[in-house]
file coords-v3.txt (compact mmCIF, C-alpha atoms)
# COMPACT_ATOMS: atom_id res chain seq x y z
CA MET A 10 0.00 0.00 0.00
CA PRO A 11 1.61 3.28 -1.11
CA PHE A 12 -0.20 5.33 1.56
CA THR A 13 -0.52 5.26 5.33
CA ILE A 14 -3.47 6.02 7.61
CA GLN A 15 -2.60 8.14 10.64
CA GLN A 16 -4.30 10.20 13.34
CA ALA A 17 -4.76 13.82 12.28
CA THR A 18 -4.12 16.71 14.68
CA TRP A 19 -4.54 20.48 14.75
CA ARG A 20 -1.17 20.67 13.01
CA ASP A 21 -2.89 19.32 9.89
CA LEU A 22 -5.30 22.28 9.65
CA GLN A 23 -3.67 23.93 6.64
CA ASP A 24 -3.45 20.66 4.67
CA LEU A 25 -7.02 19.73 5.62
CA TYR A 26 -8.29 23.16 4.58
CA ARG A 27 -6.64 22.72 1.17
CA LEU A 28 -8.01 19.19 0.77
CA GLU A 29 -11.54 20.16 1.86
CA HIS A 30 -11.70 23.10 -0.55
CA THR A 31 -10.25 21.05 -3.42
CA CYS A 32 -12.65 18.15 -2.90
CA PHE A 33 -15.85 19.95 -1.94
CA GLU A 34 -15.61 23.47 -3.38
CA GLU A 35 -18.87 25.22 -2.38
CA ASP A 36 -19.64 22.63 0.32
CA ALA A 37 -16.22 22.99 1.95
CA TRP A 38 -16.20 23.65 5.67
CA PRO A 39 -14.74 26.93 6.97
CA ALA A 40 -11.40 26.82 8.79
CA LEU A 41 -13.01 27.18 12.23
CA ASP A 42 -15.20 24.08 11.66
CA LEU A 43 -12.17 22.14 10.44
CA LEU A 44 -10.23 23.17 13.55
CA GLY A 45 -13.12 21.79 15.60
CA VAL A 46 -12.99 18.46 13.75
CA LEU A 47 -9.26 18.31 14.48
CA THR A 48 -9.53 19.20 18.18
CA PHE A 49 -12.92 18.41 19.73
CA PRO A 50 -12.96 15.33 21.96
CA GLY A 51 -14.74 12.20 20.79
CA ILE A 52 -14.12 12.71 17.08
CA VAL A 53 -12.21 10.16 15.05
CA ARG A 54 -9.94 12.09 12.71
CA LEU A 55 -7.77 10.20 10.27
CA LYS A 56 -5.60 11.29 7.39
CA ALA A 57 -4.15 9.34 4.51
CA GLU A 58 -0.61 10.30 3.56
CA TRP A 59 1.08 9.41 0.31
CA GLY A 60 4.71 10.43 -0.04
CA GLY A 61 4.41 12.72 2.98
CA LYS A 62 1.40 14.57 1.52
CA MET A 63 -2.14 14.50 2.96
CA VAL A 64 -4.23 13.00 0.17
CA GLY A 65 -7.33 12.00 2.14
CA PHE A 66 -9.19 12.70 5.36
CA ILE A 67 -12.13 11.29 7.27
CA GLY A 68 -13.91 12.56 10.34
CA GLY A 69 -16.43 10.56 12.32
CA GLU A 70 -18.30 10.87 15.59
CA THR A 71 -20.59 8.81 17.78
CA ARG A 72 -24.05 9.96 18.60
CA ASP A 73 -24.41 8.04 21.86
CA HIS A 74 -28.16 8.36 22.18
CA GLN A 75 -28.45 6.63 18.81
CA GLN A 76 -25.57 4.16 19.20
CA THR A 77 -24.77 5.35 15.72
CA GLY A 78 -21.54 6.57 14.21
CA TRP A 79 -21.67 9.36 11.65
CA ILE A 80 -19.12 9.98 8.94
CA ILE A 81 -19.07 13.77 8.99
CA THR A 82 -16.57 14.23 6.16
CA LEU A 83 -14.58 12.02 3.80
CA GLY A 84 -12.49 13.40 0.97
CA VAL A 85 -9.65 12.17 -1.22
CA LEU A 86 -7.77 14.32 -3.73
CA GLU A 87 -8.85 13.39 -7.25
CA GLU A 88 -5.47 12.17 -8.48
CA TYR A 89 -5.30 9.69 -5.57
CA ARG A 90 -8.78 8.22 -6.01
CA ARG A 91 -9.35 4.59 -7.07
CA HIS A 92 -6.30 3.43 -5.09
CA GLY A 93 -8.22 2.27 -2.01
CA VAL A 94 -7.60 5.42 0.05
CA ALA A 95 -11.26 6.22 0.77
CA LYS A 96 -12.07 2.56 1.46
CA ALA A 97 -9.17 2.28 3.93
CA LEU A 98 -10.14 5.52 5.69
CA LEU A 99 -13.77 4.39 5.92
CA GLN A 100 -12.89 0.96 7.33
CA GLU A 101 -10.50 2.41 9.93
CA CYS A 102 -13.02 5.04 11.02
CA GLU A 103 -15.77 2.43 11.38
CA GLN A 104 -13.44 0.25 13.44
CA GLN A 105 -12.39 3.10 15.74
CA LEU A 106 -15.96 4.32 16.30
CA ALA A 107 -17.10 0.76 17.11
CA THR A 108 -20.84 1.52 17.00
CA ARG A 109 -23.76 -0.72 16.04
CA SER A 110 -24.41 1.24 12.88
CA MET A 111 -22.90 3.97 10.76
CA ARG A 112 -24.59 6.76 8.83
CA LEU A 113 -23.50 9.42 6.37
CA CYS A 114 -24.88 11.92 3.88
CA VAL A 115 -23.87 12.19 0.25
CA ARG A 116 -25.02 14.37 -2.66
CA VAL A 117 -27.43 12.48 -4.92
CA SER A 118 -25.20 13.41 -7.88
CA ASN A 119 -21.99 12.00 -6.35
CA GLU A 120 -22.15 8.64 -8.12
CA ASN A 121 -18.57 7.63 -7.33
CA ALA A 122 -19.02 8.17 -3.59
CA ILE A 123 -22.39 6.40 -3.62
CA ARG A 124 -20.77 3.41 -5.34
CA LEU A 125 -17.95 3.37 -2.74
CA TYR A 126 -20.44 3.40 0.14
CA LYS A 127 -22.75 0.77 -1.37
CA ASP A 128 -19.74 -1.48 -2.06
CA ALA A 129 -18.84 -1.03 1.63
CA GLY A 130 -22.30 -2.23 2.71
CA TYR A 131 -24.22 1.04 3.10
CA MET A 132 -27.87 1.25 2.04
CA GLN A 133 -30.10 4.27 1.49
CA VAL A 134 -32.47 4.93 4.40
CA GLU A 135 -33.61 8.52 3.81
CA ILE A 136 -33.44 11.51 1.51
CA TRP A 137 -32.94 14.97 3.00
CA PRO A 138 -34.42 17.45 0.51
CA GLN A 139 -32.34 20.46 -0.50
CA TYR A 140 -29.64 19.63 2.06
CA TYR A 141 -26.69 20.95 0.06
CA ARG A 142 -25.91 24.36 -1.34
CA GLY A 143 -27.65 24.85 -4.63
CA GLY A 144 -30.65 22.88 -3.37
CA GLU A 145 -29.39 19.37 -4.11
CA ASP A 146 -30.80 16.53 -2.03
CA ALA A 147 -28.70 14.36 0.25
CA LEU A 148 -28.98 10.61 0.42
CA VAL A 149 -28.67 9.29 3.96
CA LEU A 150 -26.92 5.93 3.90
CA GLU A 151 -26.63 3.46 6.76
CA LYS A 152 -24.65 0.33 7.49
CA TYR A 153 -25.17 -2.10 10.35
CA LEU A 154 -21.89 -3.32 11.83
CA VAL A 155 -23.08 -5.95 14.35

call {"tool": "encode", "arguments": {"input": "coords-v3.txt", "output": "structure tokens"}}
result
Amino acid sequence: MPFTIQQATWRDLQDLYRLEHTCFEEDAWPALDLLGVLTFPGIVRLKAEWGGKMVGFIGGETRDHQQTGWIITLGVLEEYRRHGVAKALLQECEQQLATRSMRLCVRVSNENAIRLYKDAGYMQVEIWPQYYRGGEDALVLEKYLV
């Protein structure tokens, strides 16, 4: 495997900001939100590095009252996609959260991400109308882990 999965810290803020804005453009989180993902307790924050460069990131959290883990962001730079980076980040985040089920939201137009999640065992459970900027709907996907 030409990349490694590591814990991300506040020191990764600049790289994460770049990655988030490259991957998500108008949906990218502001720097303050990204700092929160990198520092708030209880959040799983993992980065994928390839040749010393951050090429992917995932953030996940547990919603205890639901016994559900939520993937709050997952992005991989385009030139590093289809090398197993997103799949590895997703699997490691699921393992570290160790909940009964996992959920996430994805744009209905993001066919590549939907395929990744369905291949990983996620199934559509809801649609959130006009969730994203521009009015696009979000698919809510869920996977049962135990």

call {"tool": "residues_around", "arguments": {"input": "coords-v3.txt", "residues": "range 100-107 of chain A", "least_positions_apart": "5", "cutoff": "9 Å", "atoms": "all atoms listed in the file", "output": "MDAnalysis selection string"}}
result
chainID A and resid 14 52:55 67:71 77:80 95 129 154

call {"tool": "residues_around", "arguments": {"input": "coords-v3.txt", "residues": "range 140-150 of chain A", "least_positions_apart": "5", "cutoff": "7 Å", "atoms": "all atoms listed in the file", "output": "VMD selection string"}}
result
chain A and resid 36 112 to 117 131 to 135

call {"tool": "atom_distance", "arguments": {"input": "coords-v3.txt", "atom1": "CA of Gly130 in chain A", "atom2": "CA of Lys152 in chain A"}}
result
5.9 Å

call {"tool": "atom_distance", "arguments": {"input": "coords-v3.txt", "atom1": "CA of Asp21 in chain A", "atom2": "CA of Glu34 in chain A"}}
result
18.8 Å

call {"tool": "closest_residue", "arguments": {"input": "coords-v3.txt", "among": "A:Tyr89, A:Tyr153, A:Phe33, A:Trp19", "to": "Gly65 in chain A", "atoms": "only C-alpha atoms"}}
result
A:Tyr89

call {"tool": "residues_around", "arguments": {"input": "coords-v3.txt", "residues": "Val155 in chain A", "least_positions_apart": "3", "cutoff": "9 Å", "atoms": "all atoms listed in the file", "output": "PyMOL selection string"}}
result
chain A and resi 108-110

call {"tool": "closest_residue", "arguments": {"input": "coords-v3.txt", "among": "A:Gln139, A:Thr48, A:Thr82, A:Thr18", "to": "Ala122 in chain A", "atoms": "all atoms listed in the file"}}
result
A:Thr82

call {"tool": "atom_distance", "arguments": {"input": "coords-v3.txt", "atom1": "CA of Trp38 in chain A", "atom2": "CA of Gln76 in chain A"}}
result
25.5 Å

call {"tool": "closest_residue", "arguments": {"input": "coords-v3.txt", "among": "A:Asp128, A:Glu151, A:Glu120, A:Glu58", "to": "Pro11 in chain A", "atoms": "all atoms listed in the file"}}
result
A:Glu58

call {"tool": "closest_residue", "arguments": {"input": "coords-v3.txt", "among": "A:Ala37, A:Arg72, A:Cys32, A:Leu43", "to": "Asn119 in chain A", "atoms": "all atoms listed in the file"}}
result
A:Cys32

call {"tool": "axis_aligned_box", "arguments": {"input": "coords-v3.txt", "around": "range 29-46 of chain A", "padding_each_side": "4 Å", "output": "JSON"}}
result
{"center_x": -14.9, "center_y": 22.7, "center_z": 6.1, "size_x": 17.4, "size_y": 17.0, "size_z": 27.0}

call {"tool": "closest_residue", "arguments": {"input": "coords-v3.txt", "among": "A:Ala40, A:Met111, A:Leu25, A:Ile81", "to": "Lys62 in chain A", "atoms": "all atoms listed in the file"}}
result
A:Leu25

call {"tool": "build_atoms", "arguments": {"input": "coords-v3.txt", "residues": "range 93-108 of chain A", "atoms": "N, CA and C atoms", "output": "PDB file, keeping the file's coordinate frame"}}
result
ATOM      1  N   GLY A  93      -7.839   2.856  -3.294  1.00  0.00           N
ATOM      2  CA  GLY A  93      -8.220   2.270  -2.010  1.00  0.00           C
ATOM      3  C   GLY A  93      -8.097   3.200  -0.822  1.00  0.00           C
ATOM      4  N   VAL A  94      -7.795   4.472  -1.058  1.00  0.00           N
ATOM      5  CA  VAL A  94      -7.600   5.420   0.050  1.00  0.00           C
ATOM      6  C   VAL A  94      -8.903   5.632   0.813  1.00  0.00           C
ATOM      7  N   ALA A  95      -9.970   5.968   0.109  1.00  0.00           N
ATOM      8  CA  ALA A  95     -11.260   6.220   0.770  1.00  0.00           C
ATOM      9  C   ALA A  95     -11.761   4.970   1.492  1.00  0.00           C
ATOM     10  N   LYS A  96     -11.626   3.830   0.850  1.00  0.00           N
ATOM     11  CA  LYS A  96     -12.070   2.560   1.460  1.00  0.00           C
ATOM     12  C   LYS A  96     -11.308   2.289   2.753  1.00  0.00           C
ATOM     13  N   ALA A  97      -9.995   2.508   2.737  1.00  0.00           N
ATOM     14  CA  ALA A  97      -9.170   2.280   3.930  1.00  0.00           C
ATOM     15  C   ALA A  97      -9.533   3.258   5.046  1.00  0.00           C
ATOM     16  N   LEU A  98      -9.739   4.527   4.693  1.00  0.00           N
ATOM     17  CA  LEU A  98     -10.140   5.520   5.690  1.00  0.00           C
ATOM     18  C   LEU A  98     -11.491   5.152   6.303  1.00  0.00           C
ATOM     19  N   LEU A  99     -12.433   4.754   5.462  1.00  0.00           N
ATOM     20  CA  LEU A  99     -13.770   4.390   5.920  1.00  0.00           C
ATOM     21  C   LEU A  99     -13.718   3.188   6.872  1.00  0.00           C
ATOM     22  N   GLN A 100     -12.989   2.165   6.487  1.00  0.00           N
ATOM     23  CA  GLN A 100     -12.890   0.960   7.330  1.00  0.00           C
ATOM     24  C   GLN A 100     -12.245   1.278   8.682  1.00  0.00           C
ATOM     25  N   GLU A 101     -11.187   2.075   8.678  1.00  0.00           N
ATOM     26  CA  GLU A 101     -10.500   2.410   9.930  1.00  0.00           C
ATOM     27  C   GLU A 101     -11.394   3.271  10.824  1.00  0.00           C
ATOM     28  N   CYS A 102     -12.118   4.201  10.236  1.00  0.00           N
ATOM     29  CA  CYS A 102     -13.020   5.040  11.020  1.00  0.00           C
ATOM     30  C   CYS A 102     -14.140   4.207  11.633  1.00  0.00           C
ATOM     31  N   GLU A 103     -14.725   3.318  10.856  1.00  0.00           N
ATOM     32  CA  GLU A 103     -15.770   2.430  11.380  1.00  0.00           C
ATOM     33  C   GLU A 103     -15.248   1.609  12.550  1.00  0.00           C
ATOM     34  N   GLN A 104     -14.044   1.082  12.388  1.00  0.00           N
ATOM     35  CA  GLN A 104     -13.440   0.250  13.440  1.00  0.00           C
ATOM     36  C   GLN A 104     -13.204   1.074  14.710  1.00  0.00           C
ATOM     37  N   GLN A 105     -12.682   2.282  14.569  1.00  0.00           N
ATOM     38  CA  GLN A 105     -12.390   3.100  15.740  1.00  0.00           C
ATOM     39  C   GLN A 105     -13.655   3.599  16.436  1.00  0.00           C
ATOM     40  N   LEU A 106     -14.717   3.868  15.679  1.00  0.00           N
ATOM     41  CA  LEU A 106     -15.960   4.320  16.300  1.00  0.00           C
ATOM     42  C   LEU A 106     -16.668   3.174  17.017  1.00  0.00           C
ATOM     43  N   ALA A 107     -16.575   1.976  16.463  1.00  0.00           N
ATOM     44  CA  ALA A 107     -17.100   0.760  17.110  1.00  0.00           C
ATOM     45  C   ALA A 107     -18.550   0.925  17.580  1.00  0.00           C
ATOM     46  N   THR A 108     -19.423   1.381  16.690  1.00  0.00           N
ATOM     47  CA  THR A 108     -20.840   1.520  17.000  1.00  0.00           C
ATOM     48  C   THR A 108     -21.623   0.396  16.330  1.00  0.00           C
TER      49      THR A 108
END
